[in-house]
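Engineer: The file below is work28.txt, compact mmCIF, C-alpha atoms:
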# COMPACT_ATOMS: atom_id res chain seq x y z
CA MET A 1 32.91 -36.66 -57.73
CA LYS A 2 35.67 -35.33 -59.98
CA LYS A 3 38.07 -37.83 -58.43
CA THR A 4 35.81 -40.59 -57.05
CA LEU A 5 34.05 -41.50 -60.31
CA PRO A 6 37.28 -41.87 -62.36
CA LEU A 7 38.73 -43.90 -59.47
CA ILE A 8 35.77 -46.32 -59.41
CA VAL A 9 35.74 -46.58 -63.21
CA ALA A 10 39.50 -47.23 -63.36
CA ILE A 11 39.36 -50.00 -60.73
CA LEU A 12 36.26 -51.55 -62.36
CA CYS A 13 37.79 -51.51 -65.87
CA GLY A 14 41.10 -52.88 -64.55
CA VAL A 15 39.49 -55.71 -62.58
CA LEU A 16 37.22 -56.63 -65.53
CA SER A 17 40.08 -56.74 -68.05
CA LEU A 18 42.23 -58.73 -65.61
CA ALA A 19 39.35 -61.15 -64.92
CA ASP A 20 38.97 -61.61 -68.68
CA PHE A 21 42.62 -62.72 -68.74
CA ILE A 22 42.27 -65.20 -65.90
CA ILE A 23 38.70 -66.58 -66.02
CA PRO A 24 37.51 -68.33 -69.21
CA ASN A 25 33.93 -67.06 -69.55
CA PRO A 26 32.07 -65.95 -72.74
CA GLN A 27 30.41 -62.94 -71.03
CA LEU A 28 33.73 -61.77 -69.65
CA ASP A 29 35.34 -62.31 -73.07
CA ALA A 30 32.67 -60.10 -74.69
CA LEU A 31 33.10 -57.42 -72.01
CA GLY A 32 36.88 -57.58 -72.36
CA ALA A 33 36.58 -57.16 -76.14
CA VAL A 34 34.33 -54.09 -75.64
CA LEU A 35 36.91 -52.60 -73.25
CA VAL A 36 39.75 -53.21 -75.72
CA GLU A 37 37.67 -51.55 -78.49
CA GLY A 38 36.98 -48.65 -76.15
CA VAL A 39 40.63 -48.22 -75.25
CA THR A 40 41.49 -48.27 -78.97
CA ILE A 41 39.02 -45.40 -79.57
CA LEU A 42 40.30 -43.48 -76.54
CA ALA A 43 43.92 -43.96 -77.66
CA ALA A 44 42.98 -42.48 -81.06
CA PHE A 45 41.37 -39.51 -79.29
CA ALA A 46 44.51 -39.18 -77.12
CA LEU A 47 46.54 -39.00 -80.32
CA LEU A 48 44.22 -36.27 -81.65
CA LEU A 49 44.66 -34.42 -78.36
CA GLY A 50 48.43 -34.62 -78.83
CA LEU A 51 48.10 -33.27 -82.38
CA LEU A 52 45.91 -30.41 -81.14
CA ASN A 53 48.58 -29.65 -78.54
CA ILE A 54 51.34 -29.52 -81.19
CA LEU A 55 49.12 -27.38 -83.40
CA GLY A 56 48.26 -25.03 -80.50
CA THR A 57 51.92 -24.64 -79.51
CA HIS A 58 53.05 -23.77 -83.03
CA VAL A 59 50.07 -21.51 -83.81
CA HIS A 60 50.97 -19.63 -80.61
CA ARG A 61 54.61 -19.38 -81.79
CA VAL A 62 53.53 -18.05 -85.18
CA ALA A 63 51.16 -15.55 -83.57
CA THR A 64 53.63 -14.24 -80.97
CA GLY A 65 56.84 -14.58 -82.98
CA GLU A 66 58.35 -16.74 -80.22
CA GLY A 67 61.03 -19.06 -81.68
CA SER A 68 61.21 -19.38 -85.44
CA ARG A 69 57.97 -18.37 -87.16
CA GLY A 70 58.88 -19.92 -90.51
CA LEU A 71 59.74 -23.32 -89.05
CA SER A 72 56.55 -23.43 -86.98
CA LEU A 73 54.54 -22.44 -90.06
CA SER A 74 56.19 -25.19 -92.12
CA LEU A 75 55.32 -27.73 -89.41
CA ILE A 76 51.70 -26.57 -89.29
CA LEU A 77 51.34 -26.68 -93.09
CA ALA A 78 53.01 -30.10 -93.37
CA MET A 79 50.77 -31.48 -90.66
CA LEU A 80 47.50 -30.03 -91.97
CA ILE A 81 48.15 -30.91 -95.64
CA THR A 82 49.18 -34.50 -94.80
CA MET A 83 46.22 -34.95 -92.49
CA ALA A 84 43.75 -33.44 -94.94
CA VAL A 85 44.99 -35.55 -97.86
CA GLY A 86 45.10 -38.66 -95.64
CA ILE A 87 41.52 -38.16 -94.46
CA ALA A 88 39.96 -36.94 -97.73
CA PHE A 89 41.84 -39.30 -100.11
CA PRO A 90 43.19 -42.19 -98.03
CA HIS A 91 43.95 -44.40 -101.05
CA SER A 92 45.12 -41.66 -103.41
CA GLY A 93 48.39 -41.35 -105.29
CA THR A 94 48.96 -37.99 -103.54
CA LEU A 95 49.12 -39.65 -100.10
CA ARG A 96 51.38 -42.38 -101.50
CA TRP A 97 53.61 -39.63 -102.95
CA ILE A 98 53.80 -37.88 -99.55
CA PHE A 99 54.62 -41.19 -97.86
CA ARG A 100 57.18 -42.31 -100.42
CA TYR A 101 59.00 -39.06 -101.17
CA LEU A 102 58.63 -37.11 -97.91
CA TYR A 103 57.94 -39.39 -94.95
CA VAL A 104 60.16 -42.38 -95.84
CA PRO A 105 63.29 -40.35 -96.79
CA LEU A 106 63.00 -38.18 -93.67
CA GLN A 107 62.43 -41.13 -91.34
CA SER A 108 65.10 -43.40 -92.80
CA THR A 109 67.69 -40.58 -92.97
CA MET A 110 66.97 -39.68 -89.32
CA THR A 111 67.63 -43.38 -88.51
CA ALA A 112 70.77 -43.31 -90.67
CA LEU A 113 71.99 -40.28 -88.72
CA LEU A 114 72.00 -42.46 -85.60
CA ALA A 115 74.93 -44.40 -87.11
CA PHE A 116 77.15 -41.38 -86.39
CA PHE A 117 75.69 -40.80 -82.93
CA VAL A 118 76.05 -44.43 -81.89
CA VAL A 119 79.70 -44.51 -82.94
CA SER A 120 80.38 -41.28 -81.03
CA ALA A 121 78.48 -42.56 -77.94
CA ALA A 122 80.31 -45.89 -78.08
CA TYR A 123 83.67 -44.11 -78.29
CA ARG A 124 82.82 -42.03 -75.21
CA ALA A 125 81.61 -45.14 -73.32
CA PHE A 126 84.80 -47.05 -74.17
CA ARG A 127 86.96 -44.20 -72.89
CA LEU A 128 85.66 -44.90 -69.36
CA ARG A 129 88.27 -47.71 -69.15
CA ASN A 130 86.59 -49.98 -66.62
CA ILE A 131 85.89 -53.71 -66.80
CA GLU A 132 82.22 -53.22 -67.82
CA ALA A 133 83.16 -50.92 -70.72
CA LEU A 134 85.75 -53.51 -71.79
CA ILE A 135 83.13 -56.31 -71.82
CA LEU A 136 80.79 -54.04 -73.85
CA LEU A 137 83.58 -53.21 -76.33
CA VAL A 138 84.79 -56.80 -76.79
CA THR A 139 81.25 -58.20 -77.23
CA SER A 140 80.12 -55.53 -79.67
CA LEU A 141 83.31 -55.77 -81.75
CA LEU A 142 83.08 -59.57 -81.80
CA VAL A 143 79.42 -59.51 -82.91
CA LEU A 144 80.13 -56.78 -85.49
CA PHE A 145 83.22 -58.36 -87.05
CA THR A 146 81.84 -61.88 -87.17
CA GLN A 147 79.09 -60.52 -89.46
CA LEU A 148 81.75 -59.95 -92.12
CA PRO A 149 82.08 -62.90 -94.51
CA PHE A 150 85.90 -62.95 -94.62
CA VAL A 151 86.19 -63.07 -90.80
CA GLY A 152 84.29 -66.38 -90.80
CA ALA A 153 86.67 -67.70 -93.47
CA ILE A 154 89.79 -66.62 -91.56
CA SER A 155 88.71 -67.87 -88.13
CA PRO A 156 85.60 -70.11 -87.88
CA SER A 157 86.02 -70.32 -84.08
CA LEU A 158 85.08 -66.61 -83.73
CA ALA A 159 81.63 -67.34 -85.17
CA ILE A 160 81.26 -70.27 -82.74
CA ILE A 161 82.14 -67.97 -79.81
CA ARG A 162 79.62 -65.39 -81.08
CA ASP A 163 76.89 -68.04 -81.36
CA TRP A 164 77.64 -69.25 -77.81
CA LEU A 165 77.56 -65.66 -76.50
CA MET A 166 74.16 -65.09 -78.12
CA ARG A 167 72.81 -68.46 -76.95
CA VAL A 168 73.95 -68.39 -73.31
CA PRO A 169 75.06 -65.07 -71.69
CA VAL A 170 72.91 -62.81 -73.87
CA THR A 171 69.87 -65.07 -73.33
CA ALA A 172 70.52 -65.10 -69.56
CA ALA A 173 70.82 -61.29 -69.43
CA THR A 174 67.77 -60.78 -71.65
CA ARG A 175 65.77 -63.21 -69.52
CA GLY A 176 66.79 -61.37 -66.35
CA LEU A 177 65.85 -58.03 -67.94
CA ILE A 178 62.47 -59.36 -69.16
CA LEU A 179 61.73 -60.77 -65.69
CA GLY A 180 62.69 -57.41 -64.14
CA ILE A 181 60.47 -55.52 -66.59
CA ALA A 182 57.57 -57.92 -65.94
CA LEU A 183 57.93 -57.49 -62.16
CA GLY A 184 58.06 -53.69 -62.61
CA THR A 185 54.96 -53.77 -64.84
CA ILE A 186 53.09 -55.91 -62.31
CA ALA A 187 54.05 -53.59 -59.44
CA THR A 188 53.02 -50.46 -61.40
CA SER A 189 49.74 -52.02 -62.54
CA LEU A 190 48.89 -53.15 -59.02
CA ARG A 191 49.59 -49.65 -57.71
CA ILE A 192 47.07 -48.27 -60.25
CA LEU A 193 44.48 -51.00 -59.60
CA LEU A 194 44.76 -50.57 -55.83
CA ALA A 195 44.49 -46.77 -56.28
CA VAL A 196 47.90 -46.14 -54.67
CA ASP A 197 48.85 -44.27 -57.86
CA ARG A 198 46.09 -42.23 -59.55
CA PRO A 199 47.64 -40.76 -62.69
CA TYR A 200 44.18 -40.08 -64.17
CA THR A 201 43.47 -37.50 -61.44
CA GLY A 202 46.93 -35.98 -61.60
CA GLU A 203 47.92 -37.57 -58.23
CA MET B 1 41.32 -27.29 -102.95
CA LEU B 2 42.42 -30.81 -102.05
CA GLU B 3 40.56 -32.22 -105.02
CA THR B 4 42.33 -29.71 -107.27
CA LEU B 5 45.68 -30.79 -105.80
CA ALA B 6 44.85 -34.46 -106.40
CA ASN B 7 43.69 -33.65 -109.96
CA VAL B 8 46.90 -31.71 -110.65
CA MET B 9 48.97 -34.66 -109.40
CA ASN B 10 47.02 -37.07 -111.59
CA ALA B 11 47.19 -34.80 -114.66
CA LEU B 12 50.99 -34.54 -114.61
CA PRO B 13 52.80 -36.30 -117.47
CA ALA B 14 53.95 -39.83 -116.66
CA GLY B 15 57.08 -39.81 -114.52
CA THR B 16 56.88 -36.11 -113.55
CA ALA B 17 55.55 -36.81 -110.05
CA SER B 18 58.29 -39.39 -109.42
CA THR B 19 60.98 -37.05 -110.81
CA ILE B 20 59.82 -34.20 -108.56
CA GLY B 21 59.53 -36.71 -105.71
CA THR B 22 63.09 -37.97 -106.21
CA TRP B 23 64.41 -34.39 -106.17
CA VAL B 24 62.44 -33.53 -103.02
CA ALA B 25 63.52 -36.79 -101.31
CA ALA B 26 67.17 -36.19 -102.27
CA LEU B 27 67.14 -32.61 -100.97
CA LEU B 28 65.49 -33.72 -97.71
CA THR B 29 68.05 -36.55 -97.36
CA LEU B 30 70.92 -34.09 -97.83
CA ALA B 31 69.28 -31.64 -95.39
CA VAL B 32 69.09 -34.31 -92.68
CA LEU B 33 72.61 -35.61 -93.36
CA SER B 34 73.93 -32.02 -93.13
CA PHE B 35 73.57 -32.39 -89.35
CA ILE B 36 76.91 -34.26 -89.42
CA PHE B 37 78.51 -30.82 -89.82
CA GLY B 38 76.47 -29.35 -86.96
CA GLU B 39 73.10 -27.70 -86.40
CA ASN B 40 71.98 -25.67 -89.47
CA PRO B 41 68.76 -24.18 -90.94
CA ALA B 42 68.36 -26.93 -93.58
CA PHE B 43 68.38 -29.66 -90.91
CA ARG B 44 65.98 -27.72 -88.72
CA LEU B 45 63.54 -27.29 -91.60
CA ALA B 46 63.75 -31.04 -92.35
CA GLU B 47 63.23 -31.78 -88.67
CA TYR B 48 60.10 -29.61 -88.44
CA LEU B 49 58.74 -31.04 -91.70
CA PHE B 50 59.31 -34.57 -90.39
CA VAL B 51 57.39 -33.86 -87.18
CA GLY B 52 54.57 -32.22 -89.14
CA ILE B 53 54.25 -34.97 -91.74
CA ALA B 54 54.56 -37.79 -89.17
CA ALA B 55 51.96 -36.16 -86.91
CA GLY B 56 49.59 -35.50 -89.83
CA TYR B 57 49.99 -39.04 -91.13
CA ALA B 58 49.35 -40.51 -87.67
CA GLY B 59 46.26 -38.30 -87.31
CA ALA B 60 44.95 -39.38 -90.71
CA LEU B 61 45.51 -43.05 -89.84
CA ALA B 62 43.78 -42.61 -86.46
CA TRP B 63 40.76 -41.16 -88.26
CA THR B 64 40.55 -43.49 -91.28
CA GLN B 65 41.56 -46.76 -89.57
CA VAL B 66 40.19 -46.38 -86.03
CA LEU B 67 37.59 -43.66 -85.57
CA TRP B 68 35.66 -43.38 -88.84
CA PRO B 69 34.99 -47.16 -89.39
CA ARG B 70 33.63 -47.45 -85.83
CA ALA B 71 31.64 -44.20 -86.14
CA LYS B 72 30.04 -45.59 -89.33
CA LEU B 73 29.07 -48.82 -87.52
CA PHE B 74 27.54 -46.83 -84.67
CA LEU B 75 25.61 -44.52 -87.01
CA ALA B 76 24.31 -47.47 -89.06
CA ASN B 77 23.19 -49.56 -86.08
CA PRO B 78 23.18 -47.65 -82.75
CA GLN B 79 21.44 -50.49 -80.85
CA ALA B 80 24.08 -53.10 -81.66
CA TYR B 81 27.06 -50.76 -81.35
CA TRP B 82 25.90 -48.57 -78.45
CA TYR B 83 29.28 -48.93 -76.73
CA TYR B 84 30.99 -47.11 -79.61
CA GLY B 85 28.74 -44.12 -78.87
CA LEU B 86 29.74 -44.29 -75.21
CA PHE B 87 33.45 -44.41 -75.99
CA PHE B 88 33.15 -41.60 -78.57
CA ALA B 89 31.50 -39.46 -75.88
CA LEU B 90 34.37 -40.34 -73.52
CA GLY B 91 36.82 -39.49 -76.30
CA LEU B 92 35.25 -36.04 -76.66
CA LEU B 93 35.57 -35.61 -72.89
CA LEU B 94 39.25 -36.54 -73.24
CA LEU B 95 39.72 -33.65 -75.68
CA THR B 96 38.68 -31.23 -72.90
CA ARG B 97 42.04 -32.06 -71.29
CA GLY B 98 43.48 -29.42 -73.60
CA VAL B 99 41.30 -26.68 -72.02
CA ARG B 100 42.52 -25.75 -68.56
CA SER B 101 39.09 -24.82 -67.12
CA LEU B 102 37.46 -28.05 -68.34
CA SER B 103 40.39 -30.42 -67.92
CA THR B 104 38.88 -32.33 -64.95
CA LEU B 105 36.22 -33.69 -67.36
CA GLY B 106 39.05 -35.66 -68.97
CA ASN B 107 39.67 -37.62 -65.75
CA LEU B 108 36.90 -40.13 -66.51
CA PRO B 109 38.21 -41.30 -69.93
CA LEU B 110 41.73 -41.30 -68.48
CA GLY B 111 40.44 -43.56 -65.69
CA VAL B 112 39.12 -45.98 -68.35
CA LEU B 113 42.43 -45.82 -70.23
CA PHE B 114 44.65 -46.31 -67.19
CA GLY B 115 42.41 -48.90 -65.52
CA THR B 116 42.04 -51.09 -68.62
CA GLY B 117 45.69 -50.53 -69.50
CA ALA B 118 46.79 -51.61 -66.01
CA GLY B 119 44.58 -54.73 -66.14
CA LEU B 120 45.85 -55.69 -69.59
CA ALA B 121 49.49 -54.96 -68.65
CA LEU B 122 49.19 -57.00 -65.46
CA GLY B 123 47.63 -59.98 -67.27
CA GLY B 124 50.08 -59.66 -70.16
CA ALA B 125 53.12 -59.44 -67.86
CA LEU B 126 51.97 -62.48 -65.89
CA THR B 127 50.96 -64.76 -68.75
CA GLY B 128 53.25 -63.42 -71.47
CA SER B 129 56.50 -62.70 -69.64
CA LEU B 130 56.81 -63.81 -66.03
CA VAL B 131 55.41 -67.37 -66.17
CA PRO B 132 56.97 -68.38 -69.55
CA GLN B 133 60.38 -66.94 -68.60
CA ILE B 134 60.37 -68.71 -65.21
CA GLU B 135 59.30 -71.94 -66.94
CA ALA B 136 62.15 -71.54 -69.45
CA SER B 137 64.61 -70.94 -66.61
CA VAL B 138 63.75 -74.21 -64.87
CA VAL B 139 66.20 -76.49 -66.68
CA SER B 140 68.03 -79.64 -65.71
CA LEU B 141 71.62 -79.26 -64.53
CA SER B 142 72.38 -82.97 -64.89
CA PRO B 143 74.81 -83.78 -67.76
CA ALA B 144 73.07 -87.14 -68.26
CA ASP B 145 69.93 -85.31 -69.48
CA TYR B 146 71.85 -83.71 -72.35
CA GLY B 147 73.95 -86.58 -73.70
CA GLN B 148 76.96 -88.75 -73.10
CA GLY B 149 80.46 -87.56 -72.18
CA LEU B 150 81.72 -84.04 -72.79
CA VAL B 151 78.71 -82.95 -74.82
CA GLY B 152 76.41 -83.58 -71.87
CA TRP B 153 78.74 -81.69 -69.56
CA ALA B 154 79.02 -78.75 -71.98
CA TYR B 155 75.22 -78.39 -72.20
CA ALA B 156 74.87 -78.75 -68.42
CA ILE B 157 77.46 -75.97 -67.89
CA ASP B 158 75.55 -73.80 -70.38
CA ALA B 159 72.32 -74.43 -68.43
CA PHE B 160 74.11 -73.53 -65.18
CA ILE B 161 75.49 -70.28 -66.66
CA LEU B 162 72.01 -69.47 -68.02
CA LEU B 163 70.44 -69.95 -64.59
CA ILE B 164 73.14 -68.12 -62.62
CA GLY B 165 73.18 -65.33 -65.25
CA THR B 166 69.41 -64.80 -64.95
CA ILE B 167 69.60 -64.67 -61.13
CA ALA B 168 72.67 -62.38 -61.27
CA VAL B 169 70.97 -59.93 -63.68
CA LEU B 170 67.88 -59.82 -61.45
CA SER B 171 70.05 -59.17 -58.38
CA ALA B 172 71.82 -56.33 -60.24
CA PHE B 173 68.54 -54.38 -59.82
CA HIS B 174 68.31 -55.16 -56.10
CA PHE B 175 69.10 -52.04 -54.10
CA THR B 176 69.11 -52.55 -50.31
CA GLY B 177 71.40 -51.48 -47.52
CA LYS B 178 73.32 -53.82 -45.21
CA GLY B 179 71.11 -55.30 -42.47
CA GLN B 180 71.84 -55.94 -38.78
CA GLY B 181 71.66 -59.76 -38.44
CA ALA B 182 74.55 -62.23 -38.03
CA TRP B 183 74.21 -63.51 -41.62
CA SER B 184 73.70 -60.04 -43.04
CA GLY B 185 77.38 -59.48 -43.87
CA PHE B 186 77.60 -62.82 -45.66
CA TRP B 187 74.42 -62.23 -47.69
CA HIS B 188 75.43 -58.70 -48.49
CA GLY B 189 78.84 -59.91 -49.75
CA LEU B 190 77.20 -62.65 -51.83
CA LEU B 191 74.73 -60.15 -53.26
CA ARG B 192 77.56 -57.80 -54.23
CA ILE B 193 79.36 -60.62 -56.09
CA LEU B 194 76.11 -61.55 -57.87
CA GLN B 195 75.43 -57.92 -58.73
CA GLY B 196 78.92 -57.57 -60.25
CA ALA B 197 78.40 -60.73 -62.31
CA GLY B 198 74.90 -59.48 -63.30
CA ARG B 199 76.32 -56.19 -64.57
CA GLY B 200 78.85 -58.21 -66.59
CA PHE B 201 76.05 -60.26 -68.18
CA ILE B 202 74.08 -57.07 -68.91
CA MET B 203 77.15 -55.56 -70.60
CA VAL B 204 77.50 -58.67 -72.81
CA ALA B 205 73.83 -58.33 -73.83
CA PHE B 206 74.16 -54.57 -74.38
CA GLY B 207 77.31 -55.15 -76.43
CA ALA B 208 75.42 -57.55 -78.69
CA LEU B 209 72.48 -55.12 -78.90
CA LEU B 210 74.83 -52.22 -79.68
CA ALA B 211 76.39 -54.23 -82.50
CA GLY B 212 72.93 -55.09 -83.89
CA ALA B 213 71.76 -51.48 -83.63
CA THR B 214 74.97 -50.18 -85.26
CA LEU B 215 74.55 -52.61 -88.13
CA SER B 216 70.94 -51.57 -88.71
CA PHE B 217 71.82 -47.84 -88.58
CA PHE B 218 74.63 -48.36 -91.09
CA ALA B 219 72.25 -50.36 -93.29
CA ALA B 220 69.85 -47.38 -93.23
CA LEU B 221 72.73 -45.00 -94.06
CA GLN B 222 73.84 -47.25 -96.89
CA SER B 223 70.30 -47.32 -98.33
CA ARG B 224 70.08 -43.50 -98.26
CA LEU B 225 73.50 -43.11 -99.90
CA ALA B 226 72.50 -45.74 -102.48
CA PHE B 227 69.34 -43.71 -103.19
CA LEU B 228 71.37 -40.53 -103.71
CA LEU B 229 74.00 -42.18 -105.87
CA ARG B 230 71.65 -44.39 -107.89
CA ASP B 231 68.19 -42.79 -108.16
CA TRP B 232 69.06 -39.11 -107.78
CA ILE B 233 72.30 -39.01 -109.79
CA LYS B 234 70.49 -40.90 -112.58
CA LEU B 235 68.21 -37.88 -113.02
CA PHE B 236 71.22 -35.74 -113.94
CA GLY B 237 71.97 -38.21 -116.75
CA ASN B 238 68.34 -38.03 -117.93
CA MET B 239 68.68 -34.23 -118.10
CA GLY B 240 71.78 -34.59 -120.29
CA LEU B 241 74.20 -33.35 -117.61
Can you give me the file's structure in the form of structure tokens?

Structural biologist:
Amino acid sequence: MKKTLPLIVAILCGVLSLADFIIPNPQLDALGAVLVEGVTILAAFALLLGLLNILGTHVHRVATGEGSRGLSLSLILAMLITMAVGIAFPHSGTLRWIFRYLYVPLQSTMTALLAFFVVSAAYRAFRLRNIEALILLVTSLLVLFTQLPFVGAISPSLAIIRDWLMRVPVTAATRGLILGIALGTIATSLRILLAVDRPYTGE
Amino acid sequence: MLETLANVMNALPAGTASTIGTWVAALLTLAVLSFIFGENPAFRLAEYLFVGIAAGYAGALAWTQVLWPRAKLFLANPQAYWYYGLFFALGLLLLTRGVRSLSTLGNLPLGVLFGTGAGLALGGALTGSLVPQIEASVVSLSPADYGQGLVGWAYAIDAFILLIGTIAVLSAFHFTGKGQGAWSGFWHGLLRILQGAGRGFIMVAFGALLAGATLSFFAALQSRLAFLLRDWIKLFGNMGL
């Protein structure tokens, strides 16, 4: 029962939501909408479960002294204070202050830090010295430099080459990748719907 | 306690909260940027604070935007919104996943999540990706359909490259060994050529993506440096330094 009931429910929910996609029917539409609402609620609970897991891990670290106690404590306090203010005063100036002066600077500076990593990763990739690395280097440098205003003034043909690259080879590659991802998604979904894969039972 | 905190924030003289905020934001920005010189305690503190604040903010949003509005509807009219009650009960079962002895109770809500997710992903991949992309790939290769003279030929060659590029990229993900039949060697050789061309197309696309990503990361870096040099340094002037 621990495995059969989730299996039946998963197949039933999957077939119903797929039927809602394919068959135009008001009853199926209503049922599909209920399922989407349900999945939204369950996803929110899954997020809460994740938060409880983070909290549990760091409370354990603080209690046992494993890792850095101070850092774990700062994470716990930051999480609890933000969550409490967000729930108790969702439209308050305090939450806006947290978002504007803590969350945004941290997030955007973490993104800014990637500028250094991407340059270092690109340098290491280009040192491989094969034809694929050369294509990557030439394309990225062409796209980067043609963004500069004076490059367009010096050589207008470079911008034309960049536009052609974006319109034809990049579109072809992106289309191939999207088709590959779609085929992979279909195969994975079918494996779940046909109960070949049962991630909900840990199998 | 929270009300006191909110009252304190509101009672501060005009501009104090933003001045403190600018200082805090500047110190956090410098702490994160200090990672350029290697791992250090300031970066680690900023990292932990970021995870904590992001997790807390996500949790608050999940409660205020998703759970609480639906819980209110269910409590106000249980007959009309019975299904919210059902999914909240399933959500509570999902939380048991965190307790080892009760974790099998979480299988049922996970079944709902995975089943519905698989159905939606399958439908979405079919109608949103596979069919439209195949439709877009079916293009005329006749120059006459694109215009007269060289222009028509140029567009037809573009369409040909687009088609061959798509097929080549798809074959780059085709991993099979050499078969036994008479034509096997020929097909295998053709596939290898296509795979090589496909990898070339993928590298062109990745090169363009890398350039776009690099530009956006540098734009983010520029905005943080602009904040430090404009908003934060300005505070020193206000203090008479």

Engineer: Counting only C-alpha atoms, collect the residues of chain B whose closest atom lies at most 6 Å from chain A, and write them out as a CSV table (one decimal) with C-alpha atoms, in the coordinates of the input.

Structural biologist:
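Just written: selection-v7.csv:
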chain,number,residue,atom,x,y,z
B,21,GLY,CA,59.5,-36.7,-105.7
B,25,ALA,CA,63.5,-36.8,-101.3
B,29,THR,CA,68.0,-36.6,-97.4
B,48,TYR,CA,60.1,-29.6,-88.4
B,49,LEU,CA,58.7,-31.0,-91.7
B,52,GLY,CA,54.6,-32.2,-89.1
B,53,ILE,CA,54.2,-35.0,-91.7
B,56,GLY,CA,49.6,-35.5,-89.8
B,57,TYR,CA,50.0,-39.0,-91.1
B,60,ALA,CA,45.0,-39.4,-90.7
B,62,ALA,CA,43.8,-42.6,-86.5
B,87,PHE,CA,33.4,-44.4,-76.0
B,91,GLY,CA,36.8,-39.5,-76.3
B,95,LEU,CA,39.7,-33.6,-75.7
B,107,ASN,CA,39.7,-37.6,-65.8
B,108,LEU,CA,36.9,-40.1,-66.5
B,110,LEU,CA,41.7,-41.3,-68.5
B,111,GLY,CA,40.4,-43.6,-65.7
B,112,VAL,CA,39.1,-46.0,-68.4
B,113,LEU,CA,42.4,-45.8,-70.2
B,115,GLY,CA,42.4,-48.9,-65.5
B,116,THR,CA,42.0,-51.1,-68.6
B,118,ALA,CA,46.8,-51.6,-66.0
B,119,GLY,CA,44.6,-54.7,-66.1
B,122,LEU,CA,49.2,-57.0,-65.5
B,123,GLY,CA,47.6,-60.0,-67.3
B,125,ALA,CA,53.1,-59.4,-67.9
B,130,LEU,CA,56.8,-63.8,-66.0
B,162,LEU,CA,72.0,-69.5,-68.0
B,165,GLY,CA,73.2,-65.3,-65.2
B,166,THR,CA,69.4,-64.8,-65.0
B,169,VAL,CA,71.0,-59.9,-63.7
B,170,LEU,CA,67.9,-59.8,-61.4
B,201,PHE,CA,76.0,-60.3,-68.2
B,202,ILE,CA,74.1,-57.1,-68.9
B,203,MET,CA,77.2,-55.6,-70.6
B,204,VAL,CA,77.5,-58.7,-72.8
B,205,ALA,CA,73.8,-58.3,-73.8
B,207,GLY,CA,77.3,-55.2,-76.4
B,208,ALA,CA,75.4,-57.6,-78.7
B,211,ALA,CA,76.4,-54.2,-82.5
B,217,PHE,CA,71.8,-47.8,-88.6
B,218,PHE,CA,74.6,-48.4,-91.1
B,220,ALA,CA,69.8,-47.4,-93.2
B,221,LEU,CA,72.7,-45.0,-94.1

Engineer: So how many Å separate CA of Tyr84 in chain B and CA of Asp197 in chain A, to one decimal?

Structural biologist: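 Straight-line distance from CA of Tyr84 in chain B to CA of Asp197 in chain A works out to 28.3 Å.
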
Engineer: CA of Arg96 in chain A and CA of Phe236 in chain B, how far apart in Å?

Structural biologist: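 According to the coordinates, CA of Phe236 in chain B and CA of Arg96 in chain A are separated by 24.3 Å.
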
Engineer: CA of Phe43 in chain B and CA of Gly237 in chain B are how many Å apart?

Structural biologist: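 Between CA of Phe43 in chain B and CA of Gly237 in chain B the gap works out to 27.5 Å.
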
Engineer: When you look at Val139 in chain B with a cut-off of 10 Å (counting only C-alpha atoms), what residues show up, excluding the ones that are within fewer than 6 positions of it in the same chain? I need them as a list of chain:residue names.

Structural biologist: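 Selected residues are B:Asp145, B:Ala156, B:Ala159, B:Phe160, B:Leu162, B:Leu163.
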